[in-house]
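A.B. asks: Got a structure here, written out as structure tokens. Questions coming.
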Amino acid sequence: MAVAEEEARIRALSSPVRLRVLRLCAFESRTNKELAELLEINPGTMLHHVRSLVSTGYLAAEPERSGNQGAREVPYRATGLSWRTPIPDGSYVLVETFLQQIDGVPPDELDVTWLGLKLNNEHKIEFQERLYALVNEFKERGPDPDGATYSLFATLHPDRNPPSPGAAT
């Protein structure tokens with residue numbers, strides 16, 4: 001991949017709005033107008049985001065359809081290219097996207113787990129590989145036709161919890 005193309009892809013995934021667009025288009029096609037309404041964004045601004053995602057291969061246009069009053073609409077669908085695409089320095093973008101995604105979700109609908117682990121490097125690698133394998137297994141199955149949509153956000157990070165004085169290391 002050319003450097004300019006790689007940089008364009010990195011920029012495309014540097015926006016919480018664009019990441020939310022990809023989520024919204026993961027299982028069904030949506031038009032620019034639909035996306036703008038769902039995310040409460042100006043349609044012109046949304047078009048900029050959609051074009052960025054299309055030009056980098058993250059979204060693909062589907063055949064045109066007629067909308068209200070016969071207006072021409074182009075629906076877009078996520079291509080899956082973003083799955084496990086590295087986002088340099090993107091952790092904060094992903095966290096911001098996650099926070100936007102859960103804004104307004106009733107607390108009883110959020111299933112949150114926070115776990116502290118103490119792992120040597122070998123077990124950390126094993127944990128990462130097994131977690132990725134499980135997530136990838138479900139992704140490769142494809143969507144259940146009768147299923148509801150869910151999002152999964154997981155992060156593994158060093159804990160800023162130093163051992164107490166005298167603790168074994």
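Order determines the names: the first chain of the structure tokens is A, the second B, and so forth; residues in each chain are numbered 1 upward, and ligands are numbered 1 upward as they are shown.
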Determine which residues of range 39-130 of chain A receive a DSSP assignment of alpha helix (DSSP H), computed from the backbone, and state them as a ChimeraX atom specification.

C.D. replies: /A:39,43-55,91-102,121-130

A.B. asks: Show me, as a PDB file with N, CA, C and O atoms, in the first residue's frame, the residues that have an atom within 8 Å of range 82-87 of chain A when counting only C-alpha atoms, minus same-chain residues fewer than 5 positions from it.

C.D. replies:
ATOM      1  N   ILE A  10      -5.593   6.030   7.805  1.00  0.00           N
ATOM      2  CA  ILE A  10      -5.407   6.385   9.218  1.00  0.00           C
ATOM      3  C   ILE A  10      -6.270   7.596   9.567  1.00  0.00           C
ATOM      4  O   ILE A  10      -6.953   7.611  10.586  1.00  0.00           O
ATOM      5  N   LEU A  13     -10.014   6.842   9.948  1.00  0.00           N
ATOM      6  CA  LEU A  13     -10.415   6.190  11.192  1.00  0.00           C
ATOM      7  C   LEU A  13     -10.084   7.016  12.437  1.00  0.00           C
ATOM      8  O   LEU A  13     -10.182   6.528  13.547  1.00  0.00           O
ATOM      9  N   SER A  14      -9.720   8.269  12.239  1.00  0.00           N
ATOM     10  CA  SER A  14      -9.341   9.113  13.375  1.00  0.00           C
ATOM     11  C   SER A  14     -10.513   9.928  13.912  1.00  0.00           C
ATOM     12  O   SER A  14     -10.331  10.760  14.781  1.00  0.00           O
ATOM     13  N   TYR A  58     -13.497   1.891   3.253  1.00  0.00           N
ATOM     14  CA  TYR A  58     -14.196   1.434   4.454  1.00  0.00           C
ATOM     15  C   TYR A  58     -15.708   1.346   4.253  1.00  0.00           C
ATOM     16  O   TYR A  58     -16.386   0.582   4.928  1.00  0.00           O
TER      17      TYR A  58
END

A.B. asks: Counting only C-alpha atoms, what is within 12 Å of Glu5 in chain A, bar same-chain residues fewer than 5 positions away, as JSON, numbers by chain?

C.D. replies: {"A": [10, 11, 12, 52, 55, 56, 57]}

A.B. asks: I'd like the neighbourhood of Val112 in chain A as an NGL selection string, where a residue qualifies if any of its atoms comes within 12 Å (using only C-alpha atoms), though same-chain residues fewer than 2 positions away should be ignored.

C.D. replies: :A and (102 or 107-110 or 114-115 or 151-154)

A.B. asks: Write out the residues from the selection above, keeping C-alpha atoms, as a tab-separated table (two decimals), in the first residue's frame.

C.D. replies:
chain	number	residue	atom	x	y	z
A	102	ILE	CA	-23.42	4.62	25.03
A	107	PRO	CA	-27.91	1.94	32.67
A	108	ASP	CA	-29.74	-1.38	32.98
A	109	GLU	CA	-28.93	-2.10	29.32
A	110	LEU	CA	-25.16	-1.69	29.80
A	114	TRP	CA	-13.95	-4.31	34.71
A	115	LEU	CA	-11.35	-6.85	35.69
A	151	SER	CA	-21.40	-3.50	20.33
A	152	LEU	CA	-18.42	-4.89	22.19
A	153	PHE	CA	-15.70	-2.63	23.53
A	154	ALA	CA	-12.73	-4.19	25.27

A.B. asks: Counting only C-alpha atoms, what is within 12 Å of Ala36 in chain A, bar same-chain residues fewer than 2 positions away, as a PyMOL selection string?

C.D. replies: chain A and resi 17-18+20-21+24+30-34+38-50

A.B. asks: Using DSSP on the backbone coordinates, identify the residues of range 2-111 of chain A assigned to strand (DSSP E or B); present them as a ChimeraX atom specification.

C.D. replies: /A:30-31,59-61,65-66,72-73,75-78

A.B. asks: Produce a file of the selected residues containing C-alpha atoms, as a compact mmCIF listing (two decimals), in the first residue's frame.

C.D. replies:
# COMPACT_ATOMS: atom_id res chain seq x y z
CA ARG A 30 -27.83 3.61 5.04
CA THR A 31 -27.96 6.80 3.01
CA LEU A 59 -17.65 2.10 2.96
CA ALA A 60 -19.02 0.95 -0.39
CA ALA A 61 -21.90 2.49 -2.31
CA ARG A 65 -32.72 3.62 -4.86
CA SER A 66 -35.67 5.97 -4.89
CA ARG A 72 -32.25 9.57 -5.80
CA GLU A 73 -30.56 7.98 -2.77
CA PRO A 75 -27.10 3.65 0.37
CA TYR A 76 -23.71 2.72 1.82
CA ARG A 77 -22.53 -0.43 3.58
CA ALA A 78 -19.38 -0.98 5.65

A.B. asks: How many Å lie between CA of Gly116 in chain A and CA of Asp159 in chain A, rounded to one decimal?

C.D. replies: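 Atom-to-atom, CA of Gly116 in chain A to CA of Asp159 in chain A, that is 7.8 Å.
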
A.B. asks: How many Å lie between CA of Thr79 in chain A and CA of Glu28 in chain A, rounded to one decimal?

C.D. replies: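 Atom-to-atom, CA of Thr79 in chain A to CA of Glu28 in chain A, that is 11.2 Å.
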
A.B. asks: Restricting the calculation to only C-alpha atoms, which member of A:Pro143, A:Ala8, A:Arg23, A:Pro106 is positioned closest to Val54 in chain A?

C.D. replies: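 Ranked by minimum distance to Val54 in chain A, first place goes to A:Ala8.
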
A.B. asks: For Tyr92 in chain A, please output as a list in words all residues within 12 Å (counting only C-alpha atoms; exclusion window: fewer than 2 positions along the same chain).

C.D. replies: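 Non-adjacent residues within range: Leu13, Ser14, Ser15, Pro16, Ile87, Pro88, Asp89, Gly90, Leu94, Val95, Glu96, Thr97, Phe98, Leu99 and Thr155 of chain A.
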